[in-house]
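Reproduced below: data.cif, with mmCIF, C-alpha atoms and all ligand atoms.
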```
data_entry
loop_
_atom_site.label_atom_id
_atom_site.label_comp_id
_atom_site.auth_asym_id
_atom_site.auth_seq_id
_atom_site.Cartn_x
_atom_site.Cartn_y
_atom_site.Cartn_z
CA MET A 20 131.92 -192.23 70.60
CA SER A 21 129.97 -190.17 73.17
CA PRO A 22 131.80 -188.44 76.05
CA ASP A 23 130.13 -190.92 78.47
CA THR A 24 131.83 -193.91 76.86
CA LEU A 25 135.32 -192.48 77.39
CA THR A 26 137.43 -193.96 80.15
CA PRO A 27 138.05 -191.16 82.67
CA VAL A 28 141.66 -190.12 83.19
CA ALA A 29 141.76 -189.46 86.94
CA SER A 30 144.49 -186.82 86.82
CA ILE A 31 142.81 -184.56 84.23
CA ALA A 32 139.86 -182.42 85.31
CA PRO A 33 137.03 -181.91 82.79
CA PRO A 34 136.56 -178.30 81.59
CA GLN A 35 134.57 -176.08 83.96
CA ALA A 36 131.81 -173.67 82.96
CA PHE A 37 133.10 -170.08 83.07
CA SER A 38 130.90 -167.07 83.74
CA PRO A 39 131.39 -164.37 81.06
CA ALA A 40 133.07 -162.11 83.65
CA GLU A 41 135.51 -164.79 84.74
CA PHE A 42 136.19 -165.71 81.10
CA ASP A 43 137.14 -162.11 80.28
CA GLU A 44 139.66 -162.10 83.13
CA TYR A 45 141.73 -164.67 81.25
CA VAL A 46 140.99 -164.30 77.55
CA VAL A 47 142.14 -161.33 75.43
CA THR A 48 139.06 -159.20 74.86
CA SER A 49 139.41 -158.85 71.09
CA TYR A 50 135.89 -160.19 70.46
CA ALA A 51 132.44 -158.75 71.17
CA ARG A 52 130.66 -161.87 72.41
CA PHE A 53 126.97 -162.52 73.04
CA PRO A 54 126.49 -163.43 76.73
CA ILE A 55 125.67 -167.05 75.90
CA ILE A 56 127.73 -170.07 76.93
CA LEU A 57 127.29 -172.83 74.37
CA GLU A 58 127.95 -176.32 75.65
CA ARG A 59 126.55 -178.94 73.29
CA GLY A 60 125.32 -179.39 69.74
CA GLN A 61 123.45 -181.92 67.61
CA GLY A 62 122.67 -181.42 63.93
CA CYS A 63 121.51 -177.80 63.44
CA ARG A 64 120.78 -177.28 67.16
CA VAL A 65 122.97 -176.13 70.05
CA TRP A 66 122.28 -175.85 73.78
CA ASP A 67 123.57 -173.28 76.26
CA SER A 68 124.68 -173.71 79.87
CA GLU A 69 121.12 -173.11 81.07
CA GLY A 70 119.74 -175.84 78.82
CA ARG A 71 118.21 -173.38 76.32
CA GLU A 72 117.97 -174.70 72.78
CA TYR A 73 118.90 -172.65 69.70
CA LEU A 74 118.55 -173.28 66.00
CA ASP A 75 122.06 -172.60 64.69
CA PHE A 76 122.03 -170.53 61.48
CA VAL A 77 125.59 -169.31 62.14
CA ALA A 78 127.26 -172.76 62.01
CA GLY A 79 130.52 -171.44 63.46
CA ILE A 80 130.39 -168.70 60.78
CA ALA A 81 129.70 -170.80 57.70
CA THR A 82 132.02 -173.50 58.96
CA CYS A 83 130.08 -176.46 60.43
CA THR A 84 129.16 -177.90 57.02
CA LEU A 85 127.72 -181.08 58.57
CA GLY A 86 126.29 -179.36 61.65
CA HIS A 87 127.22 -180.59 65.12
CA ALA A 88 128.17 -184.12 66.20
CA HIS A 89 127.49 -185.58 62.75
CA PRO A 90 128.14 -189.36 63.01
CA ALA A 91 130.55 -189.27 60.03
CA MET A 92 132.62 -186.53 61.72
CA VAL A 93 132.59 -188.26 65.11
CA GLU A 94 133.77 -191.42 63.40
CA ALA A 95 136.46 -189.64 61.33
CA VAL A 96 137.82 -187.66 64.30
CA THR A 97 137.94 -190.76 66.49
CA ARG A 98 139.51 -192.98 63.84
CA GLN A 99 142.19 -190.47 62.90
CA ILE A 100 143.24 -189.52 66.45
CA GLN A 101 143.59 -193.24 67.27
CA LYS A 102 145.70 -193.89 64.18
CA LEU A 103 148.01 -190.85 63.66
CA HIS A 104 147.26 -187.17 64.14
CA HIS A 105 150.40 -185.14 63.37
CA VAL A 106 153.82 -185.82 61.89
CA SER A 107 154.87 -182.61 60.00
CA ASN A 108 155.53 -182.11 56.31
CA LEU A 109 158.99 -183.66 56.61
CA PHE A 110 157.17 -186.84 55.58
CA TYR A 111 154.52 -188.02 53.10
CA ILE A 112 150.99 -187.99 54.55
CA PRO A 113 148.42 -190.25 52.82
CA GLU A 114 145.38 -188.32 54.13
CA GLN A 115 146.84 -185.06 52.74
CA GLY A 116 147.39 -186.70 49.35
CA GLU A 117 143.86 -188.17 49.33
CA LEU A 118 142.25 -184.84 50.22
CA ALA A 119 144.31 -182.99 47.59
CA LYS A 120 143.28 -185.60 45.01
CA TRP A 121 139.58 -185.19 45.90
CA LEU A 122 139.85 -181.40 45.66
CA VAL A 123 141.73 -181.48 42.34
CA HIS A 124 139.24 -183.97 40.86
CA HIS A 125 136.35 -181.75 42.00
CA SER A 126 137.67 -178.34 40.87
CA CYS A 127 139.67 -176.50 38.21
CA ALA A 128 142.87 -176.74 40.29
CA ASP A 129 145.94 -178.87 39.56
CA ARG A 130 147.55 -178.83 43.02
CA VAL A 131 146.82 -177.91 46.64
CA PHE A 132 148.82 -176.35 49.49
CA PHE A 133 147.39 -176.93 52.98
CA CYS A 134 147.43 -174.59 55.97
CA ASN A 135 145.13 -173.90 58.93
CA SER A 136 142.87 -170.95 58.20
CA GLY A 137 141.43 -168.67 55.57
CA ALA A 138 143.92 -165.87 56.23
CA GLU A 139 146.81 -168.30 55.84
CA ALA A 140 145.37 -169.67 52.60
CA ASN A 141 145.18 -166.10 51.25
CA GLU A 142 148.74 -165.42 52.45
CA ALA A 143 149.88 -168.44 50.44
CA ALA A 144 147.99 -167.14 47.38
CA ILE A 145 149.55 -163.68 47.77
CA LYS A 146 153.06 -165.14 48.11
CA LEU A 147 152.55 -167.42 45.10
CA ALA A 148 151.26 -164.52 42.98
CA ARG A 149 154.24 -162.37 43.98
CA LYS A 150 156.77 -165.10 43.27
CA TYR A 151 155.14 -165.71 39.87
CA ALA A 152 155.23 -161.96 39.14
CA HIS A 153 158.92 -161.70 40.01
CA THR A 154 160.23 -164.90 38.47
CA VAL A 155 157.94 -165.41 35.44
CA LEU A 156 156.46 -162.02 34.56
CA GLY A 157 159.55 -160.00 35.56
CA ILE A 158 157.57 -157.33 37.42
CA GLU A 159 159.71 -155.40 39.89
CA ASN A 160 156.81 -154.03 41.97
CA PRO A 161 153.79 -156.29 41.56
CA VAL A 162 150.42 -154.90 42.66
CA ILE A 163 147.42 -156.98 43.73
CA LEU A 164 144.00 -155.42 43.12
CA THR A 165 141.29 -156.12 45.70
CA ALA A 166 137.78 -154.76 46.23
CA HIS A 167 136.18 -152.29 48.59
CA ALA A 168 134.07 -154.06 51.26
CA SER A 169 136.06 -157.26 50.77
CA PHE A 170 137.25 -159.51 53.59
CA HIS A 171 140.37 -161.67 53.34
CA GLY A 172 141.50 -162.27 56.95
CA ARG A 173 143.28 -160.72 59.94
CA THR A 174 147.01 -161.18 59.33
CA LEU A 175 148.90 -158.05 58.24
CA ALA A 176 148.91 -158.94 54.53
CA THR A 177 145.26 -159.99 54.59
CA ILE A 178 143.99 -156.92 56.48
CA THR A 179 145.85 -154.94 53.84
CA ALA A 180 144.12 -156.96 51.12
CA THR A 181 140.80 -156.38 52.90
CA GLY A 182 139.27 -153.21 51.45
CA GLN A 183 137.71 -152.00 54.72
CA PRO A 184 139.55 -149.28 56.70
CA LYS A 185 137.99 -150.43 60.01
CA TYR A 186 140.13 -153.59 59.93
CA GLN A 187 143.33 -151.61 59.20
CA GLN A 188 143.02 -148.72 61.60
CA ASN A 189 145.94 -148.47 64.08
CA PHE A 190 147.80 -151.39 62.52
CA ASN A 191 149.94 -149.49 60.04
CA PRO A 192 152.44 -149.65 58.47
CA LEU A 193 150.46 -152.00 56.23
CA VAL A 194 151.95 -154.29 53.59
CA PRO A 195 152.77 -152.45 50.34
CA GLY A 196 151.56 -153.65 46.94
CA PHE A 197 147.76 -153.53 47.24
CA HIS A 198 145.29 -151.28 45.46
CA TYR A 199 141.50 -151.15 45.89
CA VAL A 200 138.66 -150.87 43.41
CA PRO A 201 134.87 -150.78 43.86
CA TYR A 202 133.29 -154.27 43.58
CA ASN A 203 131.25 -155.16 40.46
CA ASP A 204 132.55 -152.02 38.70
CA LEU A 205 134.35 -152.96 35.49
CA ALA A 206 135.30 -149.44 34.38
CA ALA A 207 137.01 -148.74 37.71
CA LEU A 208 138.96 -151.98 37.47
CA GLU A 209 140.12 -151.29 33.91
CA ALA A 210 141.12 -147.76 34.88
CA ALA A 211 143.16 -149.05 37.85
CA ILE A 212 145.02 -151.58 35.67
CA ALA A 213 145.90 -148.80 33.19
CA GLN A 214 146.82 -146.31 35.91
CA LEU A 215 149.13 -148.77 37.66
CA ASP A 216 150.95 -149.76 34.48
CA THR A 217 154.46 -148.24 34.65
CA PRO A 218 157.83 -149.69 33.55
CA THR A 219 158.50 -151.01 37.08
CA ARG A 220 155.04 -151.44 38.58
CA GLN A 221 152.15 -153.51 37.22
CA VAL A 222 149.04 -155.33 38.33
CA ALA A 223 150.11 -158.96 38.79
CA ALA A 224 146.92 -160.36 40.31
CA ILE A 225 143.30 -159.57 41.06
CA LEU A 226 141.97 -161.01 44.34
CA LEU A 227 138.17 -161.08 44.76
CA GLU A 228 135.36 -162.94 46.49
CA GLY A 229 132.79 -164.41 44.06
CA LEU A 230 130.22 -163.23 46.59
CA GLN A 231 131.32 -160.81 49.31
CA GLY A 232 130.40 -162.54 52.59
CA GLU A 233 131.55 -160.39 55.51
CA GLY A 234 131.11 -157.23 53.41
CA GLY A 235 127.33 -157.69 53.18
CA VAL A 236 126.43 -160.94 51.33
CA ARG A 237 126.85 -159.20 47.97
CA PRO A 238 126.84 -161.59 44.97
CA GLY A 239 129.34 -160.97 42.20
CA ASP A 240 128.03 -159.94 38.81
CA ARG A 241 128.47 -162.64 36.15
CA ALA A 242 129.34 -160.25 33.30
CA TYR A 243 131.87 -158.46 35.55
CA PHE A 244 133.70 -161.67 36.43
CA GLN A 245 133.62 -162.98 32.88
CA ARG A 246 135.18 -159.75 31.58
CA ILE A 247 137.81 -159.91 34.35
CA ARG A 248 138.68 -163.44 33.26
CA GLN A 249 139.16 -162.17 29.68
CA LEU A 250 141.26 -159.22 30.84
CA CYS A 251 143.45 -161.48 32.97
CA ASP A 252 144.00 -163.82 30.01
CA GLU A 253 144.86 -160.91 27.70
CA LYS A 254 147.26 -159.24 30.12
CA GLY A 255 148.77 -162.25 31.90
CA ILE A 256 147.25 -161.19 35.23
CA LEU A 257 146.44 -163.92 37.77
CA LEU A 258 142.83 -164.20 38.95
CA ILE A 259 142.65 -165.26 42.59
CA LEU A 260 139.26 -166.04 44.12
CA ASP A 261 138.79 -166.11 47.89
CA GLU A 262 136.42 -169.07 48.34
CA VAL A 263 136.97 -169.24 52.10
CA GLN A 264 133.32 -168.52 52.87
CA VAL A 265 131.47 -169.45 49.65
CA GLY A 266 133.37 -172.64 48.76
CA MET A 267 132.64 -176.22 49.86
CA GLY A 268 129.03 -176.31 48.72
CA ARG A 269 127.82 -173.25 50.60
CA THR A 270 126.30 -171.67 47.46
CA GLY A 271 124.66 -174.89 46.24
CA LYS A 272 127.60 -175.46 43.89
CA LEU A 273 130.85 -176.90 45.20
CA TRP A 274 132.76 -173.68 44.42
CA GLY A 275 131.47 -170.14 44.28
CA TYR A 276 133.12 -169.53 40.89
CA GLU A 277 130.74 -172.07 39.32
CA ASN A 278 127.97 -169.50 39.83
CA LEU A 279 129.93 -167.03 37.68
CA GLY A 280 130.84 -169.29 34.76
CA ILE A 281 134.60 -168.72 35.11
CA GLU A 282 137.66 -170.50 36.49
CA PRO A 283 140.28 -168.77 38.65
CA ASP A 284 144.05 -169.38 38.46
CA ILE A 285 144.26 -169.65 42.24
CA PHE A 286 141.51 -170.03 44.83
CA THR A 287 141.45 -170.45 48.58
CA SER A 288 139.28 -172.50 50.91
CA ALA A 289 138.99 -172.85 54.68
CA LYS A 290 135.78 -172.31 56.67
CA GLY A 291 133.57 -175.19 55.49
CA LEU A 292 136.43 -177.45 54.39
CA GLY A 293 136.98 -179.19 57.72
CA GLY A 294 133.41 -178.90 58.96
CA GLY A 295 134.75 -177.00 62.01
CA ILE A 296 138.18 -178.64 62.31
CA PRO A 297 140.81 -175.96 61.48
CA ILE A 298 142.14 -176.37 57.96
CA GLY A 299 142.85 -174.05 55.05
CA ALA A 300 143.87 -174.70 51.47
CA MET A 301 145.28 -172.81 48.51
CA LEU A 302 144.36 -174.45 45.22
CA CYS A 303 146.15 -173.51 42.01
CA LYS A 304 146.96 -174.34 38.44
CA SER A 305 150.29 -176.01 37.64
CA PHE A 306 152.21 -172.71 37.42
CA CYS A 307 152.40 -173.08 41.23
CA ASP A 308 155.55 -175.09 40.49
CA VAL A 309 157.33 -171.72 40.84
CA PHE A 310 157.14 -172.61 44.57
CA LYS A 311 160.28 -174.63 45.28
CA PRO A 312 161.01 -176.66 48.44
CA GLY A 313 161.52 -174.14 51.25
CA ASP A 314 159.46 -171.33 49.67
CA HIS A 315 156.37 -171.81 51.81
CA ALA A 316 155.42 -174.03 54.74
CA SER A 317 153.19 -174.61 57.73
CA THR A 318 153.96 -176.82 60.72
CA PHE A 319 150.37 -177.95 61.21
CA GLY A 320 149.36 -177.56 57.56
CA GLY A 321 147.77 -180.66 56.07
CA ASN A 322 148.28 -182.92 59.06
CA PRO A 323 146.67 -186.39 59.04
CA PHE A 324 144.00 -185.33 61.54
CA ALA A 325 142.71 -182.23 59.76
CA CYS A 326 142.97 -183.85 56.31
CA GLY A 327 141.32 -187.11 57.39
CA VAL A 328 138.36 -185.20 58.80
CA ALA A 329 138.13 -182.80 55.83
CA LEU A 330 138.14 -185.76 53.43
CA THR A 331 135.17 -187.18 55.34
CA VAL A 332 133.38 -183.81 55.04
CA CYS A 333 134.01 -183.84 51.27
CA GLN A 334 132.76 -187.41 50.86
CA THR A 335 129.70 -186.69 53.00
CA LEU A 336 128.78 -183.75 50.71
CA ASP A 337 128.48 -186.31 47.89
CA ARG A 338 126.92 -189.15 49.89
CA GLU A 339 124.18 -187.02 51.48
CA HIS A 340 123.54 -184.91 48.32
CA LEU A 341 124.22 -181.74 50.30
CA LEU A 342 124.71 -179.47 47.28
CA GLU A 343 121.13 -180.26 46.20
CA ASN A 344 119.97 -179.66 49.75
CA ALA A 345 121.80 -176.31 49.87
CA ARG A 346 120.05 -175.22 46.67
CA ALA A 347 116.56 -176.34 47.76
CA ARG A 348 116.77 -175.10 51.36
CA GLY A 349 118.34 -171.83 50.17
CA GLU A 350 115.43 -171.26 47.78
CA GLN A 351 112.97 -172.04 50.58
CA LEU A 352 114.74 -169.63 52.95
CA ARG A 353 114.84 -166.78 50.42
CA GLN A 354 111.13 -167.28 49.62
CA GLY A 355 110.26 -167.14 53.32
CA LEU A 356 112.40 -164.07 53.92
CA ARG A 357 110.93 -162.36 50.84
CA ALA A 358 107.42 -162.96 52.20
CA ILE A 359 108.54 -161.20 55.41
CA THR A 360 110.02 -158.39 53.28
CA GLN A 361 106.60 -157.85 51.70
CA LYS A 362 105.14 -157.45 55.18
CA TYR A 363 107.80 -154.95 56.25
CA PRO A 364 108.78 -153.09 53.07
CA ASN A 365 109.75 -150.01 55.08
CA LEU A 366 112.23 -152.04 57.15
CA ILE A 367 113.80 -154.48 54.70
CA ALA A 368 115.37 -153.45 51.38
CA GLU A 369 116.03 -156.89 49.90
CA VAL A 370 116.96 -160.53 50.39
CA ARG A 371 120.00 -161.73 48.45
CA GLY A 372 122.38 -164.67 48.27
CA TRP A 373 123.21 -168.00 46.67
CA GLY A 374 122.34 -171.43 48.07
CA LEU A 375 122.78 -171.34 51.85
CA ILE A 376 124.56 -167.99 52.16
CA ASN A 377 121.86 -165.34 52.32
CA GLY A 378 121.50 -161.80 53.59
CA LEU A 379 118.46 -159.91 54.84
CA VAL A 380 119.32 -156.31 53.93
CA LEU A 381 117.84 -153.60 56.17
CA ARG A 382 116.99 -150.21 54.72
CA GLU A 383 119.81 -147.66 55.19
CA GLU A 384 117.41 -144.99 56.44
CA VAL A 385 115.82 -147.03 59.27
CA GLU A 386 117.34 -147.02 62.73
CA LEU A 387 117.18 -150.80 63.13
CA THR A 388 120.64 -152.41 62.74
CA ALA A 389 121.69 -155.96 61.88
CA PRO A 390 123.23 -156.55 65.34
CA GLU A 391 119.88 -155.54 66.91
CA VAL A 392 117.95 -158.00 64.69
CA VAL A 393 120.48 -160.71 65.59
CA LYS A 394 119.96 -159.99 69.30
CA ARG A 395 116.19 -160.26 68.92
CA ALA A 396 116.49 -163.48 66.89
CA ILE A 397 118.69 -165.01 69.58
CA ALA A 398 115.99 -164.15 72.14
CA GLU A 399 113.58 -166.13 69.92
CA GLY A 400 115.99 -169.09 69.84
CA LEU A 401 117.69 -168.52 66.47
CA LEU A 402 121.44 -167.88 66.12
CA LEU A 403 122.32 -165.45 63.28
CA VAL A 404 125.35 -163.29 62.48
CA PRO A 405 125.56 -159.75 61.05
CA ALA A 406 127.51 -159.04 57.85
CA GLY A 407 128.16 -155.35 58.42
CA PRO A 408 125.79 -152.88 60.12
CA LYS A 409 122.78 -153.42 57.86
CA VAL A 410 122.86 -157.04 56.70
CA VAL A 411 121.74 -160.10 58.68
CA ARG A 412 123.53 -163.22 57.44
CA PHE A 413 122.04 -166.74 57.27
CA VAL A 414 124.65 -169.51 56.92
CA PRO A 415 123.17 -172.71 58.44
CA PRO A 416 124.82 -176.14 58.18
CA LEU A 417 124.32 -177.69 54.73
CA ILE A 418 122.36 -180.54 56.37
CA VAL A 419 119.57 -178.13 57.43
CA THR A 420 116.06 -179.58 56.92
CA ALA A 421 112.90 -178.02 55.46
CA ASP A 422 111.31 -178.02 58.95
CA GLU A 423 114.30 -176.20 60.41
CA VAL A 424 114.23 -173.56 57.67
CA GLU A 425 110.49 -173.09 58.27
CA ALA A 426 111.11 -172.72 62.01
CA ALA A 427 113.90 -170.18 61.39
CA ILE A 428 111.66 -168.08 59.12
CA ALA A 429 108.96 -168.01 61.82
CA MET A 430 111.53 -166.89 64.41
CA VAL A 431 112.81 -164.09 62.13
CA GLU A 432 109.23 -162.93 61.67
CA ARG A 433 108.68 -162.82 65.45
CA ALA A 434 112.04 -161.03 65.92
CA LEU A 435 110.94 -158.25 63.53
CA ALA A 436 107.36 -157.94 64.85
C1 LIG A 501 136.49 -165.82 57.21
C2 LIG A 501 137.12 -165.38 55.95
C3 LIG A 501 138.52 -165.25 55.84
C4 LIG A 501 139.44 -165.46 57.01
O1 LIG A 501 139.43 -166.79 57.46
P1 LIG A 501 140.14 -167.13 58.86
O2 LIG A 501 140.01 -168.64 58.92
O3 LIG A 501 139.36 -166.42 59.92
O4 LIG A 501 141.53 -166.67 58.78
C5 LIG A 501 139.04 -164.90 54.61
N1 LIG A 501 138.26 -164.67 53.56
C6 LIG A 501 136.91 -164.78 53.61
C7 LIG A 501 136.10 -164.53 52.39
C8 LIG A 501 136.30 -165.11 54.82
O5 LIG A 501 134.97 -165.19 54.89
#
```

Step by step, read the file and then write its structure as structure tokens.
Amino acid sequence: MSPDTLTPVASIAPPQAFSPAEFDEYVVTSYARFPIILERGQGCRVWDSEGREYLDFVAGIATCTLGHAHPAMVEAVTRQIQKLHHVSNLFYIPEQGELAKWLVHHSCADRVFFCNSGAEANEAAIKLARKYAHTVLGIENPVILTAHASFHGRTLATITATGQPKYQQNFNPLVPGFHYVPYNDLAALEAAIAQLDTPTRQVAAILLEGLQGEGGVRPGDRAYFQRIRQLCDEKGILLILDEVQVGMGRTGKLWGYENLGIEPDIFTSAKGLGGGIPIGAMLCKSFCDVFKPGDHASTFGGNPFACGVALTVCQTLDREHLLENARARGEQLRQGLRAITQKYPNLIAEVRGWGLINGLVLREEVELTAPEVVKRAIAEGLLLVPAGPKVVRFVPPLIVTADEVEAAIAMVERALA
């Protein structure tokens, strides 16, 4: 249903275009925004208020799995809002059950808890791990290990879990019970587990990203994760994977952990799950039955609207063979970016990633920063997003075509020239 076919409601004014200055008068200025006003999207393209077209390799930060205005999403959103959109978890919700069933049948999980964002999904995982530690393992002071350069969200518990001081500064006191280790460093992890082992305090869970997204598009090491899985099995530690950015087909496999040859005890999803409709999920093995009615909840979590749309996103991944597309287009993108790297070896250190989450890593010693490259790419008509000061991140919709990838590579080349 296009906006033009809607019957106008005379008493409600359509949204007006804001200038950036006027916008900042009313909206809390907690974001550094590019001075672009985006108004419309179609597939992998978006248009700004001046009619300028951009190729969108941000996709709402790895979120718009099916791009913009995908017919299946338009249909799902319209159908669900006309039928039933929100009732609360006081009642049974068929769309929530259907989505949970799809996710369980397509993963190592036994059950799913729904919420509205990645941070909330990680909060649920942290609470579940703590309750399990207290009630099953009998640990008085459970510790959760997380990695340096990780990113797990912006709530108090998840900025504490996030191993980057810049997200924690001025927000203390932080939540107790977290300890940080360098990523992909097995010896450091084993030392931390031993060091934290006292009669009253023990490591109860390890929370990691299979590939660190925000922290610089840094893929996890297979041997590292396989040894962690062994360690967790030996010691009864829970392995929690944050799949908020790498899950839902982004890496060319449905879940990031499939790239590592392991299965987590708990994992979280959000970004790509609803294709841009807010939804988060915590997926877990059956020990999650330690959660009893009343232990955890969310008013909006798993409502018919979000779940109906997310189910359509899941089914469209299958129907349009989008995992295959993510693998093929990702390979094409990395090849193109590597050819550019060979042209500018003094500027670019490497290209790394899985499927359609890739990073162009700038050399530490050069002055050029990722935000500067992003600015130049935007001027060429390509939307990109930094992942830290030195990494430019490419996370297009999973429907991206070979022509669009080719066009993006050409724009990156012009941006660096
Ligand atoms: C984006 C992100 C989050 C936070 O998700 P929100 O929906 O912004 O709360 C958590 N973990 C990872 C790995 C992310 O990329």

Q | Between CA of Thr154 (chain A) and CA of Asp252 (chain A), distance in Å (one decimal) | A | 18.3 Å

Q) Residues at most 8 Å from Ile112 (chain A), counting all atoms listed in the file, excluding those fewer than 3 positions away in the same chain, as a VMD selection string? A) chain A and resid 108 115 to 116 322 to 323

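The space separating CA of Gly196 (chain A) from CA of Leu156 (chain A) comes to 15.7 Å.
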
Q: Name each residue within 8 Å of ligand LIG 501 (chain A), counting all atoms listed in the file, as a list in words.
A: Ile80, Asn135, Ser136, Gly137, Ala138, Glu139, Ala140, Asn141, Ser169, Phe170, His171, Gly172, Arg173, Thr174, Thr177, Glu228, Gln231, Gly232, Glu233, Asp261, Glu262, Val263, Gln264, Val265, Ala289, Lys290, Pro297 and Gly299 of chain A

Generate a file of the selected residues that holds C-alpha atoms, formatted as a compact mmCIF listing (two decimals), in the frame of the given file.
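For reference, again_34.txt as written:
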```txt
# COMPACT_ATOMS: atom_id res chain seq x y z
CA ILE A 80 130.39 -168.70 60.78
CA ASN A 135 145.13 -173.90 58.93
CA SER A 136 142.87 -170.95 58.20
CA GLY A 137 141.43 -168.67 55.57
CA ALA A 138 143.92 -165.87 56.23
CA GLU A 139 146.81 -168.30 55.84
CA ALA A 140 145.37 -169.67 52.60
CA ASN A 141 145.18 -166.10 51.25
CA SER A 169 136.06 -157.26 50.77
CA PHE A 170 137.25 -159.51 53.59
CA HIS A 171 140.37 -161.67 53.34
CA GLY A 172 141.50 -162.27 56.95
CA ARG A 173 143.28 -160.72 59.94
CA THR A 174 147.01 -161.18 59.33
CA THR A 177 145.26 -159.99 54.59
CA GLU A 228 135.36 -162.94 46.49
CA GLN A 231 131.32 -160.81 49.31
CA GLY A 232 130.40 -162.54 52.59
CA GLU A 233 131.55 -160.39 55.51
CA ASP A 261 138.79 -166.11 47.89
CA GLU A 262 136.42 -169.07 48.34
CA VAL A 263 136.97 -169.24 52.10
CA GLN A 264 133.32 -168.52 52.87
CA VAL A 265 131.47 -169.45 49.65
CA ALA A 289 138.99 -172.85 54.68
CA LYS A 290 135.78 -172.31 56.67
CA PRO A 297 140.81 -175.96 61.48
CA GLY A 299 142.85 -174.05 55.05
```

**Q.** Residue list as a PyMOL selection string for point (133.7, -166.4, 35.7), cut-off 7 Å, all atoms listed in the file
**A.** chain A and resi 241+244-245+248+276+279-282

Anything within 9 Å of (127.1, -177.3, 43.3): list those residues as a short mmCIF file (atom, residue, chain, number, x, y, z; two decimals) with C-alpha atoms, keeping the file's coordinate frame, counting only C-alpha atoms and sticking to the file's coordinates.
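Output file selection03.cif follows:
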```
data_model
loop_
_atom_site.label_atom_id
_atom_site.label_comp_id
_atom_site.auth_asym_id
_atom_site.auth_seq_id
_atom_site.Cartn_x
_atom_site.Cartn_y
_atom_site.Cartn_z
CA MET A 267 132.64 -176.22 49.86
CA GLY A 268 129.03 -176.31 48.72
CA ARG A 269 127.82 -173.25 50.60
CA THR A 270 126.30 -171.67 47.46
CA GLY A 271 124.66 -174.89 46.24
CA LYS A 272 127.60 -175.46 43.89
CA LEU A 273 130.85 -176.90 45.20
CA TRP A 274 132.76 -173.68 44.42
CA GLY A 275 131.47 -170.14 44.28
CA GLU A 277 130.74 -172.07 39.32
CA ASN A 278 127.97 -169.50 39.83
CA LEU A 341 124.22 -181.74 50.30
CA LEU A 342 124.71 -179.47 47.28
CA GLU A 343 121.13 -180.26 46.20
CA ALA A 345 121.80 -176.31 49.87
CA ARG A 346 120.05 -175.22 46.67
CA GLY A 374 122.34 -171.43 48.07
#
```

Near-region 54-61 of chain A list (8 Å; all atoms listed in the file; drop same-chain fewer than 5 positions) as an mmCIF file with C-alpha atoms, keeping the file's coordinate frame:
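Heads up, here's the output in out_34.cif:
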```
data_model
loop_
_atom_site.group_PDB
_atom_site.id
_atom_site.type_symbol
_atom_site.label_atom_id
_atom_site.label_comp_id
_atom_site.auth_asym_id
_atom_site.auth_seq_id
_atom_site.Cartn_x
_atom_site.Cartn_y
_atom_site.Cartn_z
ATOM 1 C CA PRO A 39 131.390 -164.370 81.060
ATOM 2 C CA TRP A 66 122.280 -175.850 73.780
ATOM 3 C CA ASP A 67 123.570 -173.280 76.260
ATOM 4 C CA SER A 68 124.680 -173.710 79.870
ATOM 5 C CA GLY A 86 126.290 -179.360 61.650
ATOM 6 C CA HIS A 87 127.220 -180.590 65.120
ATOM 7 C CA ALA A 88 128.170 -184.120 66.200
ATOM 8 C CA HIS A 89 127.490 -185.580 62.750
#
```

**Q.** Contacts of Cys307 (chain A) at 10 Å (all atoms listed in the file; same-chain gap of 2+ positions) as a count of residues only
**A.** 18

(Q) I'd like to know which of A:Gly407, A:Pro34, A:Gly400, A:Gly313 is closest to Leu109 (chain A), using all atoms listed in the file. (A) A:Gly313

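For the pair CA of Ile397 (chain A) and CA of Gln183 (chain A), the separation is 27.4 Å.
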
Please enclose the listed atoms of region 211-228 of chain A in an axis-aligned box, pad each side by 4 Å, and write out the centre and the three edge lengths in Å, rounded to one decimal, as AutoDock Vina command-line options.
```
--center_x 146.9 --center_y -154.6 --center_z 39.8 --size_x 31.1 --size_y 24.6 --size_z 21.3
```

Q. With only C-alpha atoms as the atoms that count, which of A:Pro238, A:Gly294, A:Pro405, A:Pro390 lies nearest to Gly372 (chain A)?
A. A:Pro238

Q. Nearest to Val106 (chain A): which of A:Ala51, A:Gly320, A:Asn160, A:Leu193 is it, counting only C-alpha atoms?
A.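 Closest candidate: A:Gly320.
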
Q.
Need the shell around Lys409 (chain A): protein/DNA/RNA residues with any atom at most 8 Å away, counting only C-alpha atoms. Skip same-chain ones fewer than 3 positions apart. Format as a PyMOL selection string?
A. chain A and resi 235+380-383+388-389+405-406

Q: List the neighbours of Ala421 (chain A) out to 10 Å using only C-alpha atoms; skip same-chain residues closer than 4 positions along the sequence, and give me the result as a list of chain:residue names.
A: A:Asn344, A:Ala347, A:Arg348, A:Gly349, A:Gln351, A:Leu352, A:Glu425, A:Ala426, A:Ala427

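Ranking A:Val162, A:Arg371, A:Leu227, A:Asp204 by their shortest atom-to-atom distance to Ala242 (chain A), with all atoms listed in the file included, puts A:Asp204 first.
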
Q: Have a look at A:Ala429, A:Ile145, A:Leu164, A:Val222 and name the one nearest to Glu399 (chain A); count all atoms listed in the file.
A: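 For Glu399 (chain A), the nearest of the candidates is A:Ala429.
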